[in-house]
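Asks: The structure follows.
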Amino acid sequence: MSDQRSLTLNENAKPIFELPVLSGTTGPDVIDVQELYKQTGMFTYDPGFTSTASCSSTITYIDGEAGILLYRGYPIEQLAEKCTFLEVCYLLLNSELPDNAQMQEFEEAITLHTMLHDQLSYFFKGFRRDAHPMAIMVAVVGALSSFYHDALDIKSKEDRDMSAVRLIAKVPTIVAMCHKYSIGLPFMYPQNKLSYVENFMRMMLGTPCDDFVPNPLLVRALDRILILHADHEQNASTSTVRLAGSSGANPYACITAGIACLWGAAHGGANEAVLNMLLEIGDISHIPAYIKKAKDKNDPFRLMGFGHRVYKHYDPRAKLMRATCHEVLTELGLHDDKIFKLALELERIALEDDYFIEKKLYPNVDFYSGIVFHALGIPTNMFTAMFAMGRTVGWIANWDEMIADPDQKIGRPRQLYTGATRRDVPAQHGTSI
């Protein structure tokens, strides 16, 4: 909404043009530059869109300076403590927390759509066994659109809701199948009697040889991790989903685009990089040398899982993940494990060392999530797929919001061209016939 203010840009104190200033319900105001080119013949230049709002949204709010994260106005700390992941999914999709009847209906809808079409199981066999799970996931999620022609009208709210249910329900099944395929074990089909997270853990970690008995503390820990990853405003993958969706692409294609973006080491691959870093350090005795490298501005090495682009204070998700991490390690008796000892020592240094405190390089959510996944027996190459499973609902909520937005238009960023100006091909160029 606009508060009727305007920004006047001046040249030698002489007004040139005015731009409206818009205000949201909270957070900094924004300058509306939609008419900038029309008035001035100039565009703005903002690599990485670090100072540009690409849309308006009612879903998630972040205050990086204060360390605040809200889903639909609710603090992440309260949601992680009092809600289940599916309750948070309902909230993100519908703006409000569900009552008992709404929750029962939503859970039943999700449960009844966890199975994959049987023909998709053959799709996996086209991949090498050592294919990265994210490569398989990108292909399989994208292929879902070929099985659900009945609900691909993006202008239909009913179709969009059905696509949301199918994606939230089927992505955990796909993630588990990616893992089972890579290790040569049979796929585990979902069981309707289990909860969302129990079902996933059984498909992921169970085998047909044994009855899988879920550990309630571990189930709750993974449920909390999914809540913490459910959405995070206009990050790279969410912006990718919106950009793909702006062209009118179907929801499965848009979520596939988000998964592909998340695959990057600077985004969803960060928790995988944390474990690889710990393996590289190898032993607690090597930590001082790596800390020295991290402090050396001339050394390209940096500690993975520390600091955050948005949060200039402690990442609120990291506080919750830290508590979850220690609960899991205690439950499984892993505090004496070599990798976890390394991680805990790095954590101690980051929280006590003046250099890290001054630079605000606190452990972030990726640092702890990788440790928890490792403790649960989830392979390192599956970490990003786990992230994608949690983030799917955030992508869908943003996609749905964008499609319903009357101001929505196809994304078309501008550029600052720095290449050659117009030139002619030399007359002697080419071969005479």
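Quick note on naming: the chains in the structure tokens go A, B, ... in the order shown, residues restart at 1 in each chain, and ligands are numbered from 1 in order of appearance.
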Looking only at the backbone, which of the residues in stretch 352-392 of chain A does DSSP tag as alpha helix (DSSP H), as a PyMOL selection string?
Replies: chain A and resi 352+354-359+365-375+383-392
Asks: Show me, as a short mmCIF file (atom, residue, chain, number, x, y, z; two decimals) with N, CA and C atoms, in the first residue's frame, the residues that have an atom within 10 Å of stretch 77-81 of chain A when counting only C-alpha atoms, minus same-chain residues fewer than 5 positions from it.
Replies:
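around34.cif, written as the output of this step:
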```cif
data_model
loop_
_atom_site.label_atom_id
_atom_site.label_comp_id
_atom_site.auth_asym_id
_atom_site.auth_seq_id
_atom_site.Cartn_x
_atom_site.Cartn_y
_atom_site.Cartn_z
N ILE A 68 14.56 -11.87 13.65
CA ILE A 68 13.14 -12.22 13.72
C ILE A 68 12.72 -12.93 12.44
N LEU A 69 11.97 -14.02 12.58
CA LEU A 69 11.39 -14.73 11.45
C LEU A 69 9.93 -15.05 11.78
N LEU A 70 9.01 -14.57 10.94
CA LEU A 70 7.58 -14.77 11.15
C LEU A 70 6.97 -15.48 9.96
N TYR A 71 6.16 -16.51 10.21
CA TYR A 71 5.32 -17.12 9.18
C TYR A 71 3.90 -16.60 9.40
N GLU A 87 0.64 -28.62 10.31
CA GLU A 87 -0.09 -27.43 10.75
C GLU A 87 0.54 -26.17 10.16
N VAL A 88 1.87 -26.13 10.11
CA VAL A 88 2.57 -25.00 9.51
C VAL A 88 2.33 -24.96 8.01
N ARG A 220 9.93 -35.96 16.33
CA ARG A 220 9.65 -34.56 16.64
C ARG A 220 10.81 -33.66 16.20
N ALA A 221 12.03 -34.16 16.31
CA ALA A 221 13.20 -33.38 15.89
C ALA A 221 13.14 -33.12 14.38
N ASP A 223 10.46 -33.23 12.47
CA ASP A 223 9.30 -32.38 12.24
C ASP A 223 9.66 -30.92 12.44
N ARG A 224 10.43 -30.64 13.50
CA ARG A 224 10.85 -29.28 13.80
C ARG A 224 11.80 -28.75 12.73
N ILE A 225 12.68 -29.60 12.24
CA ILE A 225 13.60 -29.19 11.17
C ILE A 225 12.82 -28.77 9.93
N LEU A 226 11.80 -29.54 9.58
CA LEU A 226 10.98 -29.20 8.42
C LEU A 226 10.28 -27.86 8.61
N ILE A 227 9.81 -27.59 9.83
CA ILE A 227 9.17 -26.30 10.13
C ILE A 227 10.17 -25.16 9.91
N LEU A 228 11.39 -25.34 10.39
CA LEU A 228 12.39 -24.28 10.29
C LEU A 228 12.81 -24.02 8.84
N PRO A 316 17.47 -16.96 14.19
CA PRO A 316 16.53 -17.54 15.16
C PRO A 316 16.31 -19.03 14.93
N ARG A 317 16.44 -19.47 13.70
CA ARG A 317 16.29 -20.91 13.41
C ARG A 317 17.46 -21.69 13.99
N LYS A 319 19.08 -21.11 16.78
CA LYS A 319 18.86 -21.33 18.22
C LYS A 319 18.01 -22.57 18.43
N LEU A 320 16.93 -22.67 17.66
CA LEU A 320 16.04 -23.81 17.77
C LEU A 320 16.71 -25.09 17.29
N MET A 321 17.48 -24.97 16.21
CA MET A 321 18.17 -26.14 15.67
C MET A 321 19.26 -26.62 16.62
#
```
Asks: Which residue gives the smallest distance to A:Phe340 among A:Ala143, A:Ala375, A:Met203, A:Leu167, with only C-alpha atoms counted?
Replies: A:Ala375
Asks: Find the residues around A:Thr256 up to 7 Å (only C-alpha atoms counted), leave out those fewer than 2 positions away in its own chain, and share them as a PDB file with N, CA and C atoms, in the first residue's frame.
Replies:
```pdb
ATOM      1  N   VAL A 138      15.059 -33.615  -9.337  1.00  0.00           N
ATOM      2  CA  VAL A 138      14.670 -32.611 -10.331  1.00  0.00           C
ATOM      3  C   VAL A 138      13.869 -33.269 -11.452  1.00  0.00           C
ATOM      4  N   VAL A 141      10.261 -34.922 -10.002  1.00  0.00           N
ATOM      5  CA  VAL A 141       9.246 -33.917  -9.670  1.00  0.00           C
ATOM      6  C   VAL A 141       8.743 -33.245 -10.943  1.00  0.00           C
ATOM      7  N   GLY A 142       9.649 -32.961 -11.856  1.00  0.00           N
ATOM      8  CA  GLY A 142       9.238 -32.369 -13.124  1.00  0.00           C
ATOM      9  C   GLY A 142       8.310 -33.287 -13.906  1.00  0.00           C
ATOM     10  N   TYR A 252       4.359 -28.080 -11.135  1.00  0.00           N
ATOM     11  CA  TYR A 252       5.423 -29.069 -10.996  1.00  0.00           C
ATOM     12  C   TYR A 252       6.704 -28.565 -11.653  1.00  0.00           C
ATOM     13  N   ALA A 253       6.553 -27.886 -12.780  1.00  0.00           N
ATOM     14  CA  ALA A 253       7.721 -27.299 -13.441  1.00  0.00           C
ATOM     15  C   ALA A 253       8.324 -26.203 -12.575  1.00  0.00           C
ATOM     16  N   CYS A 254       7.470 -25.415 -11.930  1.00  0.00           N
ATOM     17  CA  CYS A 254       7.962 -24.307 -11.097  1.00  0.00           C
ATOM     18  C   CYS A 254       8.697 -24.832  -9.864  1.00  0.00           C
ATOM     19  N   GLY A 258      12.684 -24.524  -8.570  1.00  0.00           N
ATOM     20  CA  GLY A 258      13.144 -24.208  -7.220  1.00  0.00           C
ATOM     21  C   GLY A 258      14.120 -25.239  -6.696  1.00  0.00           C
ATOM     22  N   ILE A 259      13.846 -26.517  -6.944  1.00  0.00           N
ATOM     23  CA  ILE A 259      14.742 -27.592  -6.502  1.00  0.00           C
ATOM     24  C   ILE A 259      16.104 -27.446  -7.160  1.00  0.00           C
ATOM     25  N   ALA A 260      16.104 -27.150  -8.465  1.00  0.00           N
ATOM     26  CA  ALA A 260      17.373 -26.990  -9.191  1.00  0.00           C
ATOM     27  C   ALA A 260      18.185 -25.841  -8.614  1.00  0.00           C
TER      28      ALA A 260
END
```
Asks: Enumerate the residues of stretch 10-157 of chain A with a DSSP assignment of strand (DSSP E or B), computed from the backbone, and present them as a list in words.
Replies: Asn10, Glu11, Lys14, Pro15, Ile16, Phe17, Glu18, Leu19, Pro20, Val21, Leu22, Val30, Ile31, Thr60, Tyr61, Ile62, Asp63, Ile68, Leu69, Leu70, Tyr71, Tyr74 and Pro75 of chain A
Asks: For the residues in the current selection, export N, CA, C and O atoms as a JSON list (two decimals), in the first residue's frame.
Replies:
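Saved file part-v7.json follows:
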```json
[["chain", "number", "residue", "atom", "x", "y", "z"],
["A", 10, "ASN", "N", 17.20, 14.88, -6.98],
["A", 10, "ASN", "CA", 17.64, 16.22, -7.35],
["A", 10, "ASN", "C", 18.99, 16.20, -8.06],
["A", 10, "ASN", "O", 19.82, 15.32, -7.83],
["A", 11, "GLU", "N", 19.17, 17.16, -8.92],
["A", 11, "GLU", "CA", 20.46, 17.40, -9.57],
["A", 11, "GLU", "C", 20.77, 18.87, -9.37],
["A", 11, "GLU", "O", 20.08, 19.73, -9.88],
["A", 14, "LYS", "N", 17.92, 20.87, -8.05],
["A", 14, "LYS", "CA", 16.80, 21.09, -8.95],
["A", 14, "LYS", "C", 15.99, 19.79, -9.08],
["A", 14, "LYS", "O", 16.54, 18.77, -9.49],
["A", 15, "PRO", "N", 14.71, 19.77, -8.71],
["A", 15, "PRO", "CA", 13.91, 18.56, -8.80],
["A", 15, "PRO", "C", 13.85, 18.03, -10.24],
["A", 15, "PRO", "O", 13.70, 18.81, -11.19],
["A", 16, "ILE", "N", 14.01, 16.74, -10.40],
["A", 16, "ILE", "CA", 13.93, 16.11, -11.71],
["A", 16, "ILE", "C", 12.63, 15.32, -11.83],
["A", 16, "ILE", "O", 11.87, 15.49, -12.77],
["A", 17, "PHE", "N", 12.38, 14.44, -10.86],
["A", 17, "PHE", "CA", 11.16, 13.64, -10.90],
["A", 17, "PHE", "C", 10.87, 13.11, -9.50],
["A", 17, "PHE", "O", 11.71, 13.17, -8.62],
["A", 18, "GLU", "N", 9.66, 12.62, -9.33],
["A", 18, "GLU", "CA", 9.24, 12.08, -8.04],
["A", 18, "GLU", "C", 8.84, 10.62, -8.18],
["A", 18, "GLU", "O", 8.26, 10.22, -9.20],
["A", 19, "LEU", "N", 9.15, 9.83, -7.14],
["A", 19, "LEU", "CA", 8.78, 8.42, -7.11],
["A", 19, "LEU", "C", 7.96, 8.16, -5.85],
["A", 19, "LEU", "O", 8.29, 8.67, -4.79],
["A", 20, "PRO", "N", 6.89, 7.37, -5.96],
["A", 20, "PRO", "CA", 6.09, 7.07, -4.76],
["A", 20, "PRO", "C", 6.84, 6.15, -3.80],
["A", 20, "PRO", "O", 7.66, 5.34, -4.21],
["A", 21, "VAL", "N", 6.56, 6.29, -2.52],
["A", 21, "VAL", "CA", 7.13, 5.45, -1.48],
["A", 21, "VAL", "C", 6.01, 4.58, -0.91],
["A", 21, "VAL", "O", 4.95, 5.09, -0.54],
["A", 22, "LEU", "N", 6.22, 3.28, -0.87],
["A", 22, "LEU", "CA", 5.22, 2.34, -0.41],
["A", 22, "LEU", "C", 5.58, 1.81, 0.97],
["A", 22, "LEU", "O", 6.76, 1.64, 1.29],
["A", 30, "VAL", "N", 9.58, 1.02, 0.79],
["A", 30, "VAL", "CA", 10.22, 0.77, -0.51],
["A", 30, "VAL", "C", 9.88, 1.89, -1.48],
["A", 30, "VAL", "O", 8.82, 2.51, -1.38],
["A", 31, "ILE", "N", 10.79, 2.14, -2.39],
["A", 31, "ILE", "CA", 10.58, 3.13, -3.44],
["A", 31, "ILE", "C", 10.03, 2.43, -4.67],
["A", 31, "ILE", "O", 10.63, 1.47, -5.16],
["A", 60, "THR", "N", 5.84, -14.51, 4.62],
["A", 60, "THR", "CA", 6.95, -14.58, 5.57],
["A", 60, "THR", "C", 7.61, -13.22, 5.72],
["A", 60, "THR", "O", 7.79, -12.50, 4.74],
["A", 61, "TYR", "N", 8.00, -12.89, 6.95],
["A", 61, "TYR", "CA", 8.71, -11.64, 7.23],
["A", 61, "TYR", "C", 9.97, -11.94, 8.01],
["A", 61, "TYR", "O", 9.97, -12.72, 8.97],
["A", 62, "ILE", "N", 11.08, -11.31, 7.58],
["A", 62, "ILE", "CA", 12.37, -11.45, 8.24],
["A", 62, "ILE", "C", 12.89, -10.08, 8.62],
["A", 62, "ILE", "O", 12.88, -9.16, 7.81],
["A", 63, "ASP", "N", 13.35, -9.94, 9.85],
["A", 63, "ASP", "CA", 14.12, -8.77, 10.29],
["A", 63, "ASP", "C", 15.50, -9.31, 10.65],
["A", 63, "ASP", "O", 15.70, -9.85, 11.74],
["A", 68, "ILE", "N", 14.56, -11.87, 13.65],
["A", 68, "ILE", "CA", 13.14, -12.22, 13.72],
["A", 68, "ILE", "C", 12.72, -12.93, 12.44],
["A", 68, "ILE", "O", 13.07, -12.51, 11.33],
["A", 69, "LEU", "N", 11.97, -14.02, 12.58],
["A", 69, "LEU", "CA", 11.39, -14.73, 11.45],
["A", 69, "LEU", "C", 9.93, -15.05, 11.78],
["A", 69, "LEU", "O", 9.64, -15.68, 12.79],
["A", 70, "LEU", "N", 9.01, -14.57, 10.94],
["A", 70, "LEU", "CA", 7.58, -14.77, 11.15],
["A", 70, "LEU", "C", 6.97, -15.48, 9.96],
["A", 70, "LEU", "O", 7.24, -15.11, 8.81],
["A", 71, "TYR", "N", 6.16, -16.51, 10.21],
["A", 71, "TYR", "CA", 5.32, -17.12, 9.18],
["A", 71, "TYR", "C", 3.90, -16.60, 9.40],
["A", 71, "TYR", "O", 3.29, -16.87, 10.44],
["A", 74, "TYR", "N", 3.28, -15.25, 12.77],
["A", 74, "TYR", "CA", 3.61, -16.05, 13.95],
["A", 74, "TYR", "C", 5.12, -16.24, 14.07],
["A", 74, "TYR", "O", 5.78, -16.64, 13.10],
["A", 75, "PRO", "N", 5.70, -15.99, 15.25],
["A", 75, "PRO", "CA", 7.15, -16.19, 15.44],
["A", 75, "PRO", "C", 7.54, -17.65, 15.23],
["A", 75, "PRO", "O", 6.83, -18.56, 15.67]]
```
Asks: Hey, what's within 9 Å of stretch 271-281 of chain A if we count only C-alpha atoms and toss same-chain stuff fewer than 5 positions away? As JSON, numbers by chain, please?
Replies: {"A": [265, 286, 287, 290, 303, 304, 305, 339, 340, 342, 343, 365, 366, 367, 368, 369, 370, 371, 374, 380, 381, 382, 383, 384]}
Asks: What does the distance between atom CA of A:Lys409 and atom CA of A:Asp46 come to in Å, to one decimal place?
Replies: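 Atom-to-atom, atom CA of A:Lys409 to atom CA of A:Asp46, that is 19.8 Å.
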Asks: So how many Å separate atom CA of A:Gly64 and atom CA of A:Val310, to one decimal?
Replies: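 These two atoms are separated by 5.2 Å.
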Asks: Do you know which residues are at most 9 Å from A:Trp263 counting only C-alpha atoms, after dropping those on the same chain fewer than 6 positions away, and could you put them as a PyMOL selection string?
Replies: chain A and resi 134-135+269+384-385+388
